[in-house]
Amino acid sequence: MSMGRHSHRGGVSASGLRRLRGTLLTQAEPADATRVASWADRPGAGLVLTGRDGLATAQRLLDGGFGRPVLVDAARYRRSRMRPDSRLSQSWVDWQRAAGLPAALTDTGYIGQHDGEALCSVLDQAACLGPGVVAVLPLHASWLVDDIERLCAEVAAVELPIALVIESSGDPFAVSAIVDGLLRLLLLGQPVIVLRADVSAVGMLCFGGYAVAVGLRESLRHGPVRLGRADQPAVLVPQLLRFVELDRLDGAMMADPVSQLWRCDCEVCAGTELSWLGLTGGLHEAADAHAIASLQLLRDAALASGSGSSQCQDAWARRCATAIRRHTELSAVLYGLPPQPSLDVWVAAAGLAGLGQPASATNLS
């Protein structure tokens with residue numbers, strides 16, 4: 001197939017998709033959805049439920065009065081690779097429409113390195129599935145680097161919103177070349193959503209991304225995930241812009257107990273130190289509520305100057321640079337908690353490289 005060959009233009013339910021613009025969604029397993037829904041039911045927030053079982057849960061939430069966008073990621077990419085003859089499910093799209101979701105995500109298999117036939121097949125099929133469809137593209141990270149020209153050309157030709165799931169050995173936003181590729185996709189002017197992301201993906205909203213979904217668990221912050229991976233309890237430290245495993249956080253707080261790093265002003269913590277989370281009877285429940293509330297505070301502050309504006313981008317870069325400095329200060333009393341490489345990448349992306357350290361090179365495999 002040649003570029004520009006798409007004969008169908010996918011219609012989008014403008015009123016539905018528009019509800020997603022600028023949102024910071026929480027990606028969760030269906031089993032956690034009811035418990036965390038109250039924290040995600042606020043302006044600028046919403047949920048992405050993972051797995052086909054999430055559709056019934058989404059329907060129950062909406063029937064129960066949940067007022068924010070809910071998407072369902074079938075996560076087919078966890079178990080199957082997309083082939084040129086693989087078919088996307090029309091019934092899966094129709095079920096999402098019937099449930100009243102703001103957009104229907106395709107059940108796309110994994111698209112491997114340089115597999116242009118699979119990419120074209122997904123986009124062609126998604127364009128024929130009717131209105132309100134978002135083409136899910138679970139891509140090897142090299143698509144954003146080595147094959148970015150083709151990716152941009154194919155996405156531009158079909159004129160569909162896309163939702164990216166980026167396969168990488170770590171946080172893909174820690175690689176400057178991947179972020180450069182993502183920013184090139186944003187220049188196409190089509191809605192770009194990022195699923196299964198880490199805190200660093202908030203930068204995408206600042207640079208004009210349509211929506212991002214931050215995973216509530218580590219296994220939902222990188223994708224496609226390897227099955228059988230165990231999640232360790234982790235706590236979001238807002239001033240460091242990262243999740244920290246509970247045992248490492250305990251060590252950090254003991255090493256520097258008077259640091260203001262451990263204070264959190266989110267609705268859940270109300271200005272107290274994060275140490276209270278480890279003293280509760282339900283760590284996961286408290287840490288999840290804190291994470292969602294803190295992420296929404298971060299999102300609101302990050303977008304105060306308007307998504308995509310130079311002021312918004314510069315403010316995000318300064319926030320990242322501040323987090324780098326706080327990591328450096330912490331390193332004087334604690335070994336083994338270096339700043340996330342993604343912080344440097346966003347500083348450089350905004351053209352303010354002097355605020356941080358040189359971005360780290362990361363393997364794409």
# chains A, B, ... in the order shown; residues from 1 in each chain; ligands from 1
call {"tool": "closest_atom_pairs", "arguments": {"of": "region 241-280 of chain A", "to": "region 334-342 of chain A", "cutoff": "10 Å", "atoms": "only C-alpha atoms", "output": "JSON lines"}}
result
{"residue": "A:Leu241", "atom": "CA", "partner": "A:Gln340", "partner_atom": "CA", "distance": 8.5}
{"residue": "A:Arg242", "atom": "CA", "partner": "A:Gln340", "partner_atom": "CA", "distance": 7.6}
{"residue": "A:Val244", "atom": "CA", "partner": "A:Leu337", "partner_atom": "CA", "distance": 8.8}
{"residue": "A:Arg248", "atom": "CA", "partner": "A:Leu337", "partner_atom": "CA", "distance": 8.2}
{"residue": "A:Leu249", "atom": "CA", "partner": "A:Leu337", "partner_atom": "CA", "distance": 9.5}
{"residue": "A:Gly251", "atom": "CA", "partner": "A:Leu334", "partner_atom": "CA", "distance": 8.1}
{"residue": "A:Ala252", "atom": "CA", "partner": "A:Leu334", "partner_atom": "CA", "distance": 6.3}
{"residue": "A:Met253", "atom": "CA", "partner": "A:Leu334", "partner_atom": "CA", "distance": 9.4}
{"residue": "A:Met254", "atom": "CA", "partner": "A:Leu334", "partner_atom": "CA", "distance": 9.5}
{"residue": "A:Ala255", "atom": "CA", "partner": "A:Leu334", "partner_atom": "CA", "distance": 6.3}
{"residue": "A:Asp256", "atom": "CA", "partner": "A:Leu334", "partner_atom": "CA", "distance": 8.1}
call {"tool": "residues_around", "arguments": {"residues": "Leu295 (chain A)", "least_positions_apart": "5", "cutoff": "8 Å", "atoms": "only C-alpha atoms", "output": "JSON, numbers by chain"}}
result
{"A": [24, 199, 238]}
call {"tool": "write_last_selection", "arguments": {"atoms": "C-alpha atoms", "output": "tab-separated table (two decimals), in the first residue's frame"}}
result
chain	number	residue	atom	x	y	z
A	24	LEU	CA	-5.12	13.60	32.68
A	199	VAL	CA	4.24	11.07	35.38
A	238	PRO	CA	4.97	15.30	43.62
call {"tool": "atom_distance", "arguments": {"atom1": "CA of Gly112 (chain A)", "atom2": "CA of Phe173 (chain A)"}}
result
18.9 Å
call {"tool": "residues_around", "arguments": {"residues": "Ser275 (chain A)", "least_positions_apart": "5", "cutoff": "10 Å", "atoms": "only C-alpha atoms", "output": "JSON, numbers by chain"}}
result
{"A": [235, 246, 249, 250, 253, 254, 257, 262, 263, 280]}
call {"tool": "closest_residue", "arguments": {"among": "A:Leu101, A:Ala174, A:Leu151, A:Ala315", "to": "Ala302 (chain A)", "atoms": "only C-alpha atoms"}}
result
A:Ala315
call {"tool": "residues_around", "arguments": {"residues": "Met82 (chain A)", "least_positions_apart": "6", "cutoff": "8 Å", "atoms": "only C-alpha atoms", "output": "PyMOL selection string"}}
result
chain A and resi 108-112+118
call {"tool": "residues_around", "arguments": {"residues": "Val194 (chain A)", "least_positions_apart": "2", "cutoff": "6 Å", "atoms": "only C-alpha atoms", "output": "PyMOL selection string"}}
result
chain A and resi 163-164+212
call {"tool": "residues_around", "arguments": {"residues": "Ala304 (chain A)", "least_positions_apart": "6", "cutoff": "12 Å", "atoms": "only C-alpha atoms", "output": "list in words"}}
result
Gly22, Leu205, Cys206, Leu297, Leu298, Ser310, Gln311, Cys312, Gln313, Asp314, Ala315 and Trp316 of chain A
call {"tool": "closest_residue", "arguments": {"among": "A:Gly44, A:Leu216, A:Arg81, A:Cys269", "to": "Ala31 (chain A)", "atoms": "only C-alpha atoms"}}
result
A:Leu216
call {"tool": "residues_around", "arguments": {"residues": "Glu29 (chain A)", "least_positions_apart": "4", "cutoff": "8 Å", "atoms": "only C-alpha atoms", "output": "short mmCIF file (atom, residue, chain, number, x, y, z; two decimals) with C-alpha atoms, in the first residue's frame"}}
result
data_model
loop_
_atom_site.label_atom_id
_atom_site.label_comp_id
_atom_site.auth_asym_id
_atom_site.auth_seq_id
_atom_site.Cartn_x
_atom_site.Cartn_y
_atom_site.Cartn_z
CA ALA A 33 -12.16 1.22 39.26
CA LEU A 49 -9.92 0.74 32.26
CA THR A 50 -7.60 -1.98 31.02
CA GLY A 51 -8.79 -5.22 29.45
CA GLY A 54 -13.35 -3.09 31.70
#
call {"tool": "select_by_dssp", "arguments": {"residues": "region 58-255 of chain A", "states": "strand (DSSP E)", "output": "JSON, numbers by chain"}}
result
{"A": [70, 71, 72, 73, 104, 105, 133, 134, 135, 136, 137, 138, 139, 140, 162, 163, 164, 165, 166, 167, 192, 193, 194, 195, 196, 197, 211, 212, 213, 214, 215, 234, 235, 236, 237, 242, 243, 244, 245]}
call {"tool": "atom_distance", "arguments": {"atom1": "CA of Ile166 (chain A)", "atom2": "CA of Val70 (chain A)"}}
result
20.8 Å
call {"tool": "atom_distance", "arguments": {"atom1": "CA of Ala153 (chain A)", "atom2": "CA of Leu185 (chain A)"}}
result
9.6 Å
call {"tool": "closest_residue", "arguments": {"among": "A:Ala321, A:Val48, A:Ile148, A:Val347", "to": "Ile178 (chain A)", "atoms": "only C-alpha atoms"}}
result
A:Ile148
call {"tool": "select_by_dssp", "arguments": {"residues": "region 142-329 of chain A", "states": "helix (DSSP H, G or I)", "output": "count of residues only"}}
result
101
